[in-house]
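*Asks:* A single structure is presented below for examination.
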Amino acid sequence: MSKELEYFKSKTDMIRRDIITMLGEAGSGHPGGSLSAVEILSSLYYELMEKGDKFVLSKGHSAPALYSILADKGYFAKKELMTLRKLGSILQGHPDMKKTPGVHFSTGSLGQGLSAANGMAIAAKYDKSDQRIYVLLGDGELQEGQIWEAVMTARHRRLDNLIAYVDHNNLQIDGSCVEVKSLDKIKEKFLSFGWGVFTIDGHDIKSIIETTRKAWQVKGKPVCIISNTIKGKGISFMEDEVGWHGKAPSKEEVELALKELKGVE
Amino acid sequence: MNELIATRDAYGEALVALGESEEIFVFDADLSCATKTEHFAAKYPERFFQMGIAEQDMMGTAAGTAVMGKTPFVSTFALFATGRAYEQVRNSIAYPNLNVKIAASHSGITVGPDGGSHQSVEDIGLMRLVPNMKVVVPADAYETRKVLEAALEIEGPFYIRLGRNPVPVLFNDDYEYEFGKISTLTDGSDLTIAATGIMVTEALQAAKLLKKDGINVRVLNVHTIKPLDKETIIKAAEETKLIVSVEEHSIIGGLGAAICELLCEQRPTPVVRMGLNDTFGQSGSPEELLEYYGLTADNIVKRVKTVLA
């Protein structure tokens with residue numbers, strides 16, 4: 001890591017504040033899965049990704065976390081965040097590459113992002129470019145059949161320029177992933193499909209960065225980094241609560257949440 | 001007798017010619033012998049991507065390469081390209097308006113013996129519904145090449161509907177093809193037959209037969225179904241007072257429906273739609289099926305005479 005942990009902490013706190021504020025303003029959206037993905041996205045955008053690299057947010061409902069980072073990086077004005085989900089906004093409810101500067105692929109309908117990332121990785125390899133392609137998958141999303149078609153493609157084509165993170169927070173809309181449709185043995189599934197696999201704490205920036213660098217060294221196959229996370233991470237009353245998958249916080253809840261996040265004015 | 005060439009064969013050959021461009025990638029889902037992408041695969045193996053039996057993944061992967069500046073041509077049977085992978089085509093290709101060309105073979109009922117499960121009678125309708133998608137149905141081998149050139153020139157998603165069976169070559173270099181512009185093949189003032197794809201041949205034959213009875217038919221080759229050439233349709237409606245649409249597709253959602261949508265708003269005119277009448281196909285030889293579902297020149301003649309009587 002080239003930056004201190006405090007640097008990342010200031011960023012992840014900022015992103016969490018943005019998520020809560022944006023969703024409160026929008027009146028709808030997905031706080032749970034946005035908050036669980038904050039550290040993975042921060043590691044990518046503030047440390048790992050280089051010019052020309054591509055990122056696909058397959059779990060498109062985590063868009064608020066991505067938008068906060070893109071605004072912070074100067075792709076558009078920070079004040080745009082308050083237009084999320086509103087008519088005419090450049091910030092759609094789910095990422096739209098034609099509307100939002102910095103978004104590399106339009107996503108939201110689950111199960112489609114890995115195929116697109118594979119396509120980017122295939123093209124980069126054909127061009128003999130050293131671009132890396134990153135994709136963030138949700139765990140519930142692994143229930144889509146297309147994901148496993150794409151898992152086979154990535155292995156068949158030996159896409160070692162592709163790294164997939166699974167934001168493994170164990171919850172989906174209708175309940176826990178175990179109750180809805182068990183994802184039993186995700187690691188073994190990816191291993192048996194011939195991928196390189198690492199398992200990490202998805203809220204540990206140092207671990208995300210170090211493991212990703214290890215993944216860069218894996219040759220001849222794609223790598224999946226199963227990132228164990230907590231849905232709603234960082235807001236006590238949202239953590240591990242299935243009800244916060246797709247519900248905006250009320251005014252009072254926004255205030256409560258912001259109080260919990262340091263640096264609130 | 002005209003030479004017979006299937007539009008899928010013309011596609012396979014044209015693709016090889018276009019393949020000189022380094023940006024062209026070709027994808028297939030275990031049907032390269034049938035879709036004729038095998039020729040491209042043999043010549044440019046490094047730009048041919050065999051995706052296995054996984055059409056949804058194929059559409060998304062092609063979309064990813066388009067983001068990187070490639071021009072992917074994606075091929076499989078029409079049913080799988082539009083039905084199996086509908087939402088991938090919609091969300092991963094058309095919604096971001098990516099430069100992906102979907103060249104779908106084995107369309108309509110002339111797939112024949114494989115039966116209703118493999119016959120696409122709703123693909124034009126499905127693709128017409130998708131914003132940003134252009135929908136093109138070449139009538140012969142010559143037009144297939146022209147359509148591919150247009151698809152390369154025009155940025156954005158294209159649906160190109162191809163057929164399995166050999167069909168007469170109708171056109172040559174004298175024929176003026178323009179994307180988005182209906183070509184009027186015969187002039188006439190008694191009625192208009194608007195046909196698309198392999199039905200153009202039947203329409204021309206029907207016009208010949210009707211002429212013997214003193215009925216002058218204007219035959220339109222609607223190779224571009226979306227965007228529809230409104231001017232030519234409205235002109236035909238004004239000048240001939242009756243339009244018969246003929247397509248190897250359901251009468252719901254396809255060419256006939258597109259014409260009706262236009263005319264009922266802009267120039268109410270009687271329209272007779274010929275096609276599959278809200279039914280699936282079944283096993284049979286292509287010739288038997290066209291006869292059974294009323295899609296031959298003789299059937300068109302009979303229908304026209306009934307309407308005019």
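Letters A, B, ... go to the chains of the structure tokens in the order shown; residues in each chain start at 1; ligands are counted from 1 in the same order.
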Applying 12 Å and only C-alpha atoms, which residues near B:Arg84 remain after dropping the ones on its own chain fewer than 3 positions away? List them as a list in words.

*Replies:*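 Close residues of B:Arg84: Gln146 of chain A; Ala29, Ile53, Ala54, Glu55, Gln56, Asp57, Met58, Met59, Thr76, Phe77, Ala78, Leu79, Phe80, Ala81, Glu87, Gln88, Val89, Arg90, Ser117, His118, Ser120, Asp123 and Leu126 of chain B.
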
*Asks:* Could you list, as a PyMOL selection string, the residues of chain B having an atom within 10 Å of chain A when counting only C-alpha atoms?

*Replies:* chain B and resi 23+25+46-47+49-70+85+87-88+91-93+95-98

*Asks:* Go ahead and save the picked residues with N, CA, C and O atoms, as a CSV table (one decimal), in the first residue's frame.

*Replies:*
chain,number,residue,atom,x,y,z
B,23,GLU,N,-10.5,-5.0,-36.3
B,23,GLU,CA,-11.4,-4.8,-35.2
B,23,GLU,C,-12.6,-5.7,-35.2
B,23,GLU,O,-13.4,-5.8,-34.2
B,25,PHE,N,-14.5,-8.9,-34.5
B,25,PHE,CA,-14.5,-10.1,-33.7
B,25,PHE,C,-15.7,-10.9,-34.0
B,25,PHE,O,-16.8,-10.3,-34.2
B,46,GLU,N,-7.7,-16.2,-34.4
B,46,GLU,CA,-7.4,-15.4,-33.2
B,46,GLU,C,-8.5,-14.4,-32.9
B,46,GLU,O,-8.6,-13.8,-31.8
B,47,ARG,N,-9.4,-14.2,-33.9
B,47,ARG,CA,-10.5,-13.3,-33.7
B,47,ARG,C,-11.9,-14.0,-33.7
B,47,ARG,O,-12.9,-13.3,-33.9
B,49,PHE,N,-14.3,-16.4,-31.5
B,49,PHE,CA,-14.5,-16.8,-30.1
B,49,PHE,C,-15.7,-17.8,-30.0
B,49,PHE,O,-16.8,-17.5,-30.1
B,50,GLN,N,-15.3,-19.0,-29.8
B,50,GLN,CA,-16.2,-20.1,-29.6
B,50,GLN,C,-16.7,-20.0,-28.1
B,50,GLN,O,-15.9,-20.2,-27.2
B,51,MET,N,-18.0,-19.8,-27.9
B,51,MET,CA,-18.5,-19.5,-26.6
B,51,MET,C,-19.2,-20.7,-26.0
B,51,MET,O,-19.7,-20.7,-24.8
B,52,GLY,N,-19.3,-21.8,-26.7
B,52,GLY,CA,-20.1,-23.0,-26.2
B,52,GLY,C,-21.5,-22.6,-26.1
B,52,GLY,O,-22.0,-21.6,-26.6
B,53,ILE,N,-22.3,-23.6,-25.6
B,53,ILE,CA,-23.7,-23.4,-25.6
B,53,ILE,C,-24.1,-22.5,-24.4
B,53,ILE,O,-24.5,-22.9,-23.4
B,54,ALA,N,-23.9,-21.2,-24.6
B,54,ALA,CA,-24.1,-20.2,-23.6
B,54,ALA,C,-24.4,-18.9,-24.2
B,54,ALA,O,-23.6,-18.0,-24.3
B,55,GLU,N,-25.6,-18.7,-24.7
B,55,GLU,CA,-25.9,-17.5,-25.5
B,55,GLU,C,-26.0,-16.2,-24.7
B,55,GLU,O,-25.6,-15.2,-25.2
B,56,GLN,N,-26.4,-16.3,-23.5
B,56,GLN,CA,-26.5,-15.1,-22.6
B,56,GLN,C,-25.1,-14.6,-22.4
B,56,GLN,O,-24.8,-13.4,-22.5
B,57,ASP,N,-24.2,-15.5,-22.0
B,57,ASP,CA,-22.8,-15.1,-21.8
B,57,ASP,C,-22.2,-14.6,-23.1
B,57,ASP,O,-21.4,-13.6,-23.1
B,58,MET,N,-22.5,-15.2,-24.2
B,58,MET,CA,-22.0,-14.7,-25.5
B,58,MET,C,-22.3,-13.3,-25.8
B,58,MET,O,-21.5,-12.5,-26.2
B,59,MET,N,-23.6,-12.9,-25.5
B,59,MET,CA,-24.0,-11.5,-25.8
B,59,MET,C,-23.3,-10.5,-24.9
B,59,MET,O,-22.8,-9.5,-25.3
B,60,GLY,N,-23.1,-10.9,-23.6
B,60,GLY,CA,-22.4,-10.0,-22.6
B,60,GLY,C,-21.0,-9.9,-23.0
B,60,GLY,O,-20.4,-8.8,-22.9
B,61,THR,N,-20.3,-11.0,-23.4
B,61,THR,CA,-18.9,-11.0,-23.7
B,61,THR,C,-18.7,-10.1,-24.9
B,61,THR,O,-17.7,-9.3,-24.9
B,62,ALA,N,-19.5,-10.3,-25.9
B,62,ALA,CA,-19.4,-9.4,-27.1
B,62,ALA,C,-19.5,-7.9,-26.7
B,62,ALA,O,-18.8,-7.1,-27.2
B,63,ALA,N,-20.5,-7.7,-25.8
B,63,ALA,CA,-20.7,-6.3,-25.4
B,63,ALA,C,-19.4,-5.7,-24.8
B,63,ALA,O,-19.0,-4.6,-25.0
B,64,GLY,N,-18.7,-6.6,-24.0
B,64,GLY,CA,-17.5,-6.1,-23.3
B,64,GLY,C,-16.4,-5.8,-24.3
B,64,GLY,O,-15.6,-4.8,-24.2
B,65,THR,N,-16.3,-6.6,-25.4
B,65,THR,CA,-15.3,-6.3,-26.4
B,65,THR,C,-15.7,-5.0,-27.2
B,65,THR,O,-14.8,-4.3,-27.6
B,66,ALA,N,-17.0,-4.7,-27.3
B,66,ALA,CA,-17.4,-3.5,-28.0
B,66,ALA,C,-16.9,-2.3,-27.2
B,66,ALA,O,-16.5,-1.3,-27.8
B,67,VAL,N,-17.0,-2.4,-25.9
B,67,VAL,CA,-16.5,-1.3,-25.0
B,67,VAL,C,-15.1,-1.0,-25.3
B,67,VAL,O,-14.6,0.2,-25.3
B,68,MET,N,-14.3,-2.0,-25.7
B,68,MET,CA,-12.9,-1.9,-25.9
B,68,MET,C,-12.6,-1.5,-27.4
B,68,MET,O,-11.5,-1.6,-27.8
B,69,GLY,N,-13.6,-1.1,-28.1
B,69,GLY,CA,-13.4,-0.7,-29.5
B,69,GLY,C,-13.5,-1.7,-30.6
B,69,GLY,O,-13.2,-1.4,-31.8
B,70,LYS,N,-13.9,-2.9,-30.2
B,70,LYS,CA,-14.0,-3.9,-31.3
B,70,LYS,C,-15.4,-3.9,-31.9
B,70,LYS,O,-16.4,-3.3,-31.3
B,85,ALA,N,-31.5,-15.0,-25.0
B,85,ALA,CA,-30.6,-14.0,-24.5
B,85,ALA,C,-31.3,-12.6,-24.6
B,85,ALA,O,-30.6,-11.6,-24.7
B,87,GLU,N,-32.8,-10.5,-22.6
B,87,GLU,CA,-32.4,-9.5,-21.6
B,87,GLU,C,-31.0,-9.1,-21.7
B,87,GLU,O,-30.6,-7.9,-21.4
B,88,GLN,N,-30.1,-10.0,-22.1
B,88,GLN,CA,-28.7,-9.6,-22.3
B,88,GLN,C,-28.6,-8.7,-23.5
B,88,GLN,O,-27.8,-7.7,-23.5
B,91,ASN,N,-30.2,-5.3,-22.1
B,91,ASN,CA,-29.5,-4.5,-21.1
B,91,ASN,C,-27.9,-4.4,-21.3
B,91,ASN,O,-27.4,-3.4,-20.9
B,92,SER,N,-27.3,-5.4,-21.8
B,92,SER,CA,-25.9,-5.4,-22.0
B,92,SER,C,-25.4,-4.8,-23.3
B,92,SER,O,-24.3,-4.4,-23.5
B,93,ILE,N,-26.4,-4.8,-24.3
B,93,ILE,CA,-26.0,-4.3,-25.7
B,93,ILE,C,-26.8,-3.1,-26.1
B,93,ILE,O,-26.2,-2.0,-26.4
B,95,TYR,N,-29.1,-1.1,-24.3
B,95,TYR,CA,-29.3,0.0,-23.3
B,95,TYR,C,-28.0,0.9,-23.4
B,95,TYR,O,-28.1,2.1,-23.5
B,96,PRO,N,-26.8,0.3,-23.4
B,96,PRO,CA,-25.6,1.2,-23.5
B,96,PRO,C,-25.3,1.5,-25.0
B,96,PRO,O,-24.3,2.1,-25.3
B,97,ASN,N,-26.2,1.1,-25.9
B,97,ASN,CA,-26.0,1.4,-27.3
B,97,ASN,C,-24.7,1.0,-27.9
B,97,ASN,O,-24.0,1.7,-28.6
B,98,LEU,N,-24.3,-0.2,-27.6
B,98,LEU,CA,-22.9,-0.7,-28.0
B,98,LEU,C,-23.0,-1.2,-29.4
B,98,LEU,O,-24.0,-1.7,-30.0

*Asks:* Can you list, as a ChimeraX atom specification, all residues belonging to stretch 182-265 of chain B that DSSP tags as helix (DSSP H, G or I)?

*Replies:* /B:199-212,230-240,255-265

*Asks:* Would you kindly return, as a compact mmCIF listing (two decimals) with N, CA and C atoms, in the first residue's frame, each protein, DNA or RNA residue with an atom no farther than 12 Å from any atom of B:Cys264, considering only C-alpha atoms and excluding same-chain residues fewer than 6 positions away?

*Replies:*
# COMPACT_ATOMS: atom_id res chain seq x y z
N ILE B 233 -43.97 3.76 -47.37
CA ILE B 233 -45.20 3.04 -46.98
C ILE B 233 -46.42 3.96 -47.14
N ILE B 234 -46.28 5.19 -46.68
CA ILE B 234 -47.42 6.11 -46.76
C ILE B 234 -47.76 6.41 -48.22
N ALA B 237 -49.60 3.56 -49.58
CA ALA B 237 -50.97 3.55 -49.05
C ALA B 237 -51.83 4.55 -49.81
N GLY B 256 -45.90 -6.63 -40.68
CA GLY B 256 -47.29 -6.21 -40.84
C GLY B 256 -47.74 -5.31 -39.71
N ALA B 257 -47.32 -5.66 -38.52
CA ALA B 257 -47.68 -4.86 -37.35
C ALA B 257 -47.04 -3.48 -37.43
N ALA B 258 -45.79 -3.45 -37.88
CA ALA B 258 -45.09 -2.16 -37.99
C ALA B 258 -45.82 -1.26 -39.00
N PRO B 270 -56.56 0.04 -45.51
CA PRO B 270 -56.70 -1.40 -45.25
C PRO B 270 -55.37 -2.13 -45.40
N VAL B 271 -55.06 -2.97 -44.43
CA VAL B 271 -53.84 -3.77 -44.47
C VAL B 271 -54.22 -5.23 -44.22

*Asks:* Using only C-alpha atoms, which of B:Ile198, B:Ala309, B:Ile252, B:Ala10 sits nearest B:Thr296?

*Replies:*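 Comparing B:Ile198, B:Ala309, B:Ile252, B:Ala10 against B:Thr296, the winner is B:Ile198.
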
*Asks:* Show me, as a tab-separated table, the residues of stretch 260-295 of chain B having an atom within 12 Å of stretch 190-196 of chain B, each with the closest atom pair and its distance in Å, using only C-alpha atoms.

*Replies:*
residue	atom	partner	partner_atom	distance
B:Cys260	CA	B:Ala194	CA	11.8
B:Thr269	CA	B:Leu191	CA	11.1
B:Pro270	CA	B:Leu191	CA	10.3
B:Val271	CA	B:Thr192	CA	9.5
B:Val272	CA	B:Ile193	CA	9.4
B:Arg273	CA	B:Ala194	CA	9.6
B:Met274	CA	B:Ala195	CA	9.4
B:Gly275	CA	B:Ala195	CA	10.3
B:Leu295	CA	B:Ala195	CA	10.9

*Asks:* I'd like the interatomic distance between atom CA of B:Phe27 and atom CA of B:Leu4, to a tenth of an Å.

*Replies:*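 Computing it gives 26.5 Å between the two atoms.
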
*Asks:* DSSP on the backbone: what in stretch 31-192 of chain A comes out strand (DSSP E or B), as a list in words?

*Replies:*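 The strand (DSSP E or B) residues within stretch 31-192 of chain A come out as Lys54, Phe55, Val56, Leu57, Ile133, Tyr134, Val135, Leu136, Leu137, Gly138, Leu162, Ile163, Ala164, Tyr165, Val166, Asp167, His168, Leu171, Gln172, Gly175 and Ser176 of chain A.
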
*Asks:* Rounded to one decimal place, report the atom CA of A:Phe193-atom CA of A:Asn228 distance in Å.

*Replies:*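 One can read the atom CA of A:Phe193 to atom CA of A:Asn228 distance as 20.4 Å.
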
*Asks:* Identify which of the residues B:Val147, B:Ala297, B:Val111, B:Ile154 lies closest to B:Tyr11, counting only C-alpha atoms when measuring atom-to-atom distances.

*Replies:*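 Of B:Val147, B:Ala297, B:Val111, B:Ile154, the one nearest B:Tyr11 is B:Val147, counting only C-alpha atoms.
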
*Asks:* Skip A:Asp13 itself and residues of its chain fewer than 3 positions away, then list as a PyMOL selection string all residues within 8 Å of it, counting only C-alpha atoms.

*Replies:* chain A and resi 9-10+16-17+261-263
